[in-house]
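To start, the structure under review is shown below, and the notes come after it.
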Amino acid sequence: MQPPSKIDHLGIAVHSIDEAIQFYRDALGFECAGSEEIPDQKVRVAFFPLGEVRIELLEPTAEDSPIARFLERKGPGLHHVAYRVDDLSATLAALKSAGVRLIDETPRDGAHGMKIAFAHPKSTGGVLTEFCQVAQ
Ligand code: ZN
């Protein structure tokens, strides 16, 4: 397996994108490159490109959204770090055989037309970790 090539994005859980955007866009001057709803994950995402990395704000769209549960437990804050990989299936297989606990054993659809999968914070030093691959 090739190691991840870069950090793709940082996911930040917020109660309201409209509120959080006052810091990222209005105060900091980041340009919002759009937002997108991911019905699968019951989440709305707004993203701000920053060089090669994106900041992603994640807002729950339902009470049983994983982001809603995260907000309940921990409050707003850093939700996950996403690493870009070339071959997500190979990465998942390698992690699995290394004993890493995976939330997704197979790739699924994420924002930006990416294929994504998560590894469990218990195996990653406490940070929910996403791996993503540009879909072919
Ligand atoms: Zn993500």
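Naming works like this for the structure tokens: A, B, ... for the chains as they're shown, residue 1 at the start of each chain, ligands 1 onward in shown order.
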
Name the residues in contact with A:Gln136 at a cut-off of 12 Å, using only C-alpha atoms, excluding same-chain residues fewer than 3 positions from it; report them as a list in words.
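After dropping sequence-adjacent residues, the list is Asp86, Asp87, Leu88, Gly113, Met114, Lys115 and Gln133 of chain A.
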
Next, dump the selected residues to file, keeping only C-alpha atoms, as a PDB file, in the first residue's frame.
ATOM      1  CA  ASP A  86      -4.554   6.499  -4.475  1.00  0.00           C
ATOM      2  CA  ASP A  87      -6.167   3.135  -3.925  1.00  0.00           C
ATOM      3  CA  LEU A  88      -8.710   3.116  -1.144  1.00  0.00           C
ATOM      4  CA  GLY A 113     -17.556  12.643  -5.763  1.00  0.00           C
ATOM      5  CA  MET A 114     -14.934  10.963  -3.575  1.00  0.00           C
ATOM      6  CA  LYS A 115     -14.846   7.393  -2.390  1.00  0.00           C
ATOM      7  CA  GLN A 133      -9.831   8.570  -3.130  1.00  0.00           C
TER       8      GLN A 133
END

List all protein, DNA and RNA residues that have an atom no more than 12 Å from any atom of ligand 1, counting only C-alpha atoms and all ligand atoms, and report them as a PyMOL selection string.
chain A and resi 7-13+38+41+43-47+53-58+67+78-84+108-119+128-133

A:Ser89: which residues within 8 Å, counting only C-alpha atoms, same-chain residues fewer than 2 positions away excluded, as a list in words?
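Everything that qualifies: Asp87, Thr91, Leu92, Ala93, Thr106 and Pro107 of chain A.
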
Could you turn the residues from that selection into a file that holds N, CA, C and O atoms, as a CSV table (one decimal), in the first residue's frame?
chain,number,residue,atom,x,y,z
A,87,ASP,N,-5.4,4.4,-3.8
A,87,ASP,CA,-6.2,3.1,-3.9
A,87,ASP,C,-6.8,2.8,-2.6
A,87,ASP,O,-6.2,2.1,-1.7
A,91,THR,N,-5.7,0.4,0.6
A,91,THR,CA,-5.4,1.0,1.9
A,91,THR,C,-6.2,0.2,3.0
A,91,THR,O,-5.7,-0.1,4.1
A,92,LEU,N,-7.5,0.0,2.7
A,92,LEU,CA,-8.4,-0.6,3.7
A,92,LEU,C,-7.9,-2.0,4.0
A,92,LEU,O,-7.9,-2.5,5.2
A,93,ALA,N,-7.6,-2.7,3.0
A,93,ALA,CA,-7.1,-4.1,3.2
A,93,ALA,C,-5.8,-4.1,4.0
A,93,ALA,O,-5.7,-4.9,4.9
A,106,THR,N,-15.5,-1.3,3.3
A,106,THR,CA,-15.5,-1.1,1.9
A,106,THR,C,-15.7,0.4,1.6
A,106,THR,O,-16.4,1.1,2.4
A,107,PRO,N,-15.2,0.9,0.5
A,107,PRO,CA,-15.4,2.4,0.2
A,107,PRO,C,-16.9,2.7,0.0
A,107,PRO,O,-17.7,1.9,-0.5

I want to know what sits within 12 Å of A:Glu72, based on only C-alpha atoms, with residues of the same chain fewer than 5 positions away left out; could you give that as a PDB file with N, CA, C and O atoms, in the first residue's frame?
ATOM      1  N   ALA A  13     -17.221  19.821  13.009  1.00  0.00           N
ATOM      2  CA  ALA A  13     -18.652  19.677  13.290  1.00  0.00           C
ATOM      3  C   ALA A  13     -19.189  20.969  13.886  1.00  0.00           C
ATOM      4  O   ALA A  13     -18.609  21.508  14.834  1.00  0.00           O
ATOM      5  N   VAL A  14     -20.284  21.463  13.325  1.00  0.00           N
ATOM      6  CA  VAL A  14     -20.909  22.696  13.828  1.00  0.00           C
ATOM      7  C   VAL A  14     -22.416  22.492  13.934  1.00  0.00           C
ATOM      8  O   VAL A  14     -22.996  21.660  13.241  1.00  0.00           O
ATOM      9  N   HIS A  15     -23.031  23.273  14.803  1.00  0.00           N
ATOM     10  CA  HIS A  15     -24.491  23.227  14.887  1.00  0.00           C
ATOM     11  C   HIS A  15     -25.110  23.884  13.658  1.00  0.00           C
ATOM     12  O   HIS A  15     -26.148  23.462  13.167  1.00  0.00           O
ATOM     13  N   PRO A  60     -25.450  18.790  10.969  1.00  0.00           N
ATOM     14  CA  PRO A  60     -26.406  17.677  10.874  1.00  0.00           C
ATOM     15  C   PRO A  60     -27.709  18.111  10.220  1.00  0.00           C
ATOM     16  O   PRO A  60     -28.144  19.252  10.406  1.00  0.00           O
ATOM     17  N   GLU A  63     -31.834  14.546  13.477  1.00  0.00           N
ATOM     18  CA  GLU A  63     -31.437  14.316  14.867  1.00  0.00           C
ATOM     19  C   GLU A  63     -30.632  13.034  15.051  1.00  0.00           C
ATOM     20  O   GLU A  63     -29.852  12.911  15.986  1.00  0.00           O
ATOM     21  N   ASP A  64     -30.834  12.087  14.155  1.00  0.00           N
ATOM     22  CA  ASP A  64     -30.106  10.823  14.279  1.00  0.00           C
ATOM     23  C   ASP A  64     -28.884  10.796  13.364  1.00  0.00           C
ATOM     24  O   ASP A  64     -28.332   9.741  13.068  1.00  0.00           O
ATOM     25  N   SER A  65     -28.465  11.984  12.902  1.00  0.00           N
ATOM     26  CA  SER A  65     -27.251  12.084  12.097  1.00  0.00           C
ATOM     27  C   SER A  65     -26.036  11.787  12.981  1.00  0.00           C
ATOM     28  O   SER A  65     -26.009  12.157  14.156  1.00  0.00           O
ATOM     29  N   PRO A  66     -25.014  11.118  12.448  1.00  0.00           N
ATOM     30  CA  PRO A  66     -23.788  10.901  13.227  1.00  0.00           C
ATOM     31  C   PRO A  66     -23.190  12.218  13.725  1.00  0.00           C
ATOM     32  O   PRO A  66     -22.611  12.267  14.811  1.00  0.00           O
ATOM     33  N   ILE A  67     -23.337  13.272  12.958  1.00  0.00           N
ATOM     34  CA  ILE A  67     -22.814  14.576  13.383  1.00  0.00           C
ATOM     35  C   ILE A  67     -23.632  15.121  14.558  1.00  0.00           C
ATOM     36  O   ILE A  67     -23.082  15.715  15.493  1.00  0.00           O
ATOM     37  N   GLY A  77     -16.538  21.112  17.123  1.00  0.00           N
ATOM     38  CA  GLY A  77     -15.078  21.026  17.112  1.00  0.00           C
ATOM     39  C   GLY A  77     -14.581  20.123  16.015  1.00  0.00           C
ATOM     40  O   GLY A  77     -15.353  19.673  15.154  1.00  0.00           O
TER      41      GLY A  77
END

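Across the structure, atom CA of A:Val100 and atom CA of A:Ser123 are spaced 5.6 Å apart.
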
Using DSSP on the backbone coordinates, identify all residues within stretch 1-134 of chain A classified as strand (DSSP E or B); present the result as a ChimeraX atom specification.
/A:6-13,35-38,43-50,53-60,77-84,102,108-109,114-119,129-134

Could you give me the residues within chain A that DSSP places in helix (DSSP H, G or I), as a ChimeraX atom specification?
/A:17-27,39-41,66-74,88-97,111-113,121-123

Write out the residues from the selection above, keeping N, CA, C and O atoms, as a compact mmCIF listing (two decimals), in the first residue's frame.
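Final output, saved to out_29.txt:
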# COMPACT_ATOMS: atom_id res chain seq x y z
N ILE A 17 -23.98 25.86 9.93
CA ILE A 17 -23.00 26.37 8.95
C ILE A 17 -23.17 27.88 8.82
O ILE A 17 -22.18 28.62 8.74
N ASP A 18 -24.41 28.34 8.83
CA ASP A 18 -24.65 29.78 8.67
C ASP A 18 -23.97 30.59 9.77
O ASP A 18 -23.49 31.70 9.54
N GLU A 19 -23.91 30.02 10.97
CA GLU A 19 -23.24 30.72 12.06
C GLU A 19 -21.73 30.60 11.94
O GLU A 19 -21.00 31.57 12.09
N ALA A 20 -21.25 29.38 11.68
CA ALA A 20 -19.81 29.16 11.64
C ALA A 20 -19.16 29.91 10.49
O ALA A 20 -17.98 30.28 10.55
N ILE A 21 -19.93 30.17 9.44
CA ILE A 21 -19.39 30.83 8.27
C ILE A 21 -18.99 32.27 8.59
O ILE A 21 -18.15 32.86 7.92
N GLN A 22 -19.57 32.79 9.68
CA GLN A 22 -19.21 34.15 10.07
C GLN A 22 -17.74 34.24 10.48
O GLN A 22 -17.10 35.27 10.33
N PHE A 23 -17.20 33.14 11.01
CA PHE A 23 -15.77 33.13 11.32
C PHE A 23 -14.96 32.82 10.06
O PHE A 23 -14.09 33.57 9.67
N TYR A 24 -15.28 31.70 9.41
CA TYR A 24 -14.40 31.22 8.33
C TYR A 24 -14.44 32.14 7.10
O TYR A 24 -13.41 32.41 6.50
N ARG A 25 -15.63 32.60 6.74
CA ARG A 25 -15.73 33.43 5.54
C ARG A 25 -15.60 34.91 5.88
O ARG A 25 -14.74 35.61 5.34
N ASP A 26 -16.43 35.36 6.82
CA ASP A 26 -16.52 36.81 7.04
C ASP A 26 -15.32 37.36 7.80
O ASP A 26 -14.75 38.37 7.42
N ALA A 27 -14.91 36.66 8.87
CA ALA A 27 -13.79 37.18 9.66
C ALA A 27 -12.45 36.79 9.06
O ALA A 27 -11.55 37.60 8.92
N PRO A 39 -27.16 12.94 1.85
CA PRO A 39 -28.32 12.33 2.51
C PRO A 39 -27.94 11.05 3.26
O PRO A 39 -28.46 10.79 4.36
N ASP A 40 -27.03 10.31 2.67
CA ASP A 40 -26.48 9.10 3.26
C ASP A 40 -26.04 9.28 4.71
O ASP A 40 -26.28 8.45 5.56
N GLN A 41 -25.36 10.39 4.95
CA GLN A 41 -24.79 10.66 6.27
C GLN A 41 -25.59 11.69 7.05
O GLN A 41 -25.18 12.11 8.12
N PRO A 66 -25.01 11.12 12.45
CA PRO A 66 -23.79 10.90 13.23
C PRO A 66 -23.19 12.22 13.73
O PRO A 66 -22.61 12.27 14.81
N ILE A 67 -23.34 13.27 12.96
CA ILE A 67 -22.81 14.58 13.38
C ILE A 67 -23.63 15.12 14.56
O ILE A 67 -23.08 15.72 15.49
N ALA A 68 -24.94 14.89 14.54
CA ALA A 68 -25.77 15.32 15.67
C ALA A 68 -25.34 14.60 16.94
O ALA A 68 -25.24 15.21 18.01
N ARG A 69 -25.05 13.31 16.82
CA ARG A 69 -24.60 12.56 18.00
C ARG A 69 -23.25 13.05 18.49
O ARG A 69 -23.00 13.13 19.69
N PHE A 70 -22.37 13.35 17.55
CA PHE A 70 -21.05 13.88 17.91
C PHE A 70 -21.21 15.21 18.67
O PHE A 70 -20.58 15.43 19.70
N LEU A 71 -22.06 16.09 18.16
CA LEU A 71 -22.28 17.40 18.79
C LEU A 71 -22.84 17.23 20.19
O LEU A 71 -22.48 17.96 21.11
N GLU A 72 -23.73 16.25 20.35
CA GLU A 72 -24.31 15.99 21.66
C GLU A 72 -23.24 15.55 22.66
O GLU A 72 -23.22 15.98 23.79
N ARG A 73 -22.37 14.65 22.20
CA ARG A 73 -21.35 14.09 23.09
C ARG A 73 -20.23 15.07 23.37
O ARG A 73 -19.77 15.21 24.50
N LYS A 74 -19.74 15.73 22.35
CA LYS A 74 -18.51 16.50 22.48
C LYS A 74 -18.65 17.98 22.23
O LYS A 74 -17.73 18.74 22.49
N LEU A 88 -8.04 3.23 -2.44
CA LEU A 88 -8.71 3.12 -1.14
C LEU A 88 -8.90 1.66 -0.73
O LEU A 88 -8.71 1.31 0.44
N SER A 89 -9.27 0.82 -1.67
CA SER A 89 -9.49 -0.59 -1.33
C SER A 89 -8.21 -1.23 -0.81
O SER A 89 -8.23 -1.98 0.17
N ALA A 90 -7.08 -0.90 -1.45
CA ALA A 90 -5.79 -1.45 -1.01
C ALA A 90 -5.43 -0.91 0.37
O ALA A 90 -4.92 -1.65 1.22
N THR A 91 -5.70 0.37 0.61
CA THR A 91 -5.43 0.96 1.92
C THR A 91 -6.24 0.25 2.99
O THR A 91 -5.72 -0.11 4.05
N LEU A 92 -7.54 0.04 2.73
CA LEU A 92 -8.40 -0.61 3.72
C LEU A 92 -7.93 -2.03 4.01
O LEU A 92 -7.92 -2.47 5.16
N ALA A 93 -7.55 -2.73 2.97
CA ALA A 93 -7.08 -4.11 3.17
C ALA A 93 -5.81 -4.11 4.01
O ALA A 93 -5.65 -4.93 4.93
N ALA A 94 -4.89 -3.18 3.73
CA ALA A 94 -3.63 -3.12 4.48
C ALA A 94 -3.89 -2.76 5.94
O ALA A 94 -3.29 -3.33 6.85
N LEU A 95 -4.80 -1.80 6.16
CA LEU A 95 -5.09 -1.39 7.54
C LEU A 95 -5.73 -2.54 8.30
O LEU A 95 -5.41 -2.80 9.45
N LYS A 96 -6.63 -3.23 7.62
CA LYS A 96 -7.32 -4.33 8.27
C LYS A 96 -6.33 -5.41 8.69
O LYS A 96 -6.38 -5.91 9.81
N SER A 97 -5.42 -5.71 7.80
CA SER A 97 -4.47 -6.78 8.15
C SER A 97 -3.46 -6.30 9.19
O SER A 97 -2.82 -7.10 9.86
N ALA A 111 -18.56 13.31 -0.10
CA ALA A 111 -18.71 14.59 -0.81
C ALA A 111 -17.68 14.70 -1.93
O ALA A 111 -16.71 13.94 -1.98
N HIS A 112 -17.90 15.63 -2.83
CA HIS A 112 -16.96 15.92 -3.93
C HIS A 112 -16.75 14.73 -4.85
O HIS A 112 -15.70 14.60 -5.46
N GLY A 113 -17.71 13.80 -4.90
CA GLY A 113 -17.56 12.64 -5.76
C GLY A 113 -16.41 11.74 -5.34
O GLY A 113 -15.86 11.00 -6.14
N PRO A 121 -11.59 5.86 15.82
CA PRO A 121 -10.66 6.63 16.66
C PRO A 121 -9.90 5.76 17.66
O PRO A 121 -8.78 6.12 18.04
N LYS A 122 -10.47 4.62 18.05
CA LYS A 122 -9.77 3.74 19.00
C LYS A 122 -8.45 3.24 18.44
O LYS A 122 -7.54 2.88 19.18
N SER A 123 -8.35 3.20 17.11
CA SER A 123 -7.13 2.69 16.48
C SER A 123 -6.21 3.79 15.99
O SER A 123 -5.14 3.51 15.46

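Nearest residue to A:Glu52 among A:Phe30, A:Glu105, A:Glu37, A:Lys6 is A:Lys6, counting only C-alpha atoms.
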
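Note that the spacing between atom CA of A:Val134 and atom CA of A:Ala98 amounts to 23.9 Å.
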
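Atom CA of A:Phe48 lies 27.1 Å from atom CA of A:Gln2.
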
Using only C-alpha atoms, which residue out of A:Ala135, A:Leu50, A:Gly125, A:Thr61 lies closest to A:Glu36?
A:Thr61

With distances taken over only C-alpha atoms, which residue among A:Pro4, A:Ala62, A:Thr124, A:Val85 lies nearest A:Leu102?
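For A:Leu102, the nearest of the given residues is A:Thr124.
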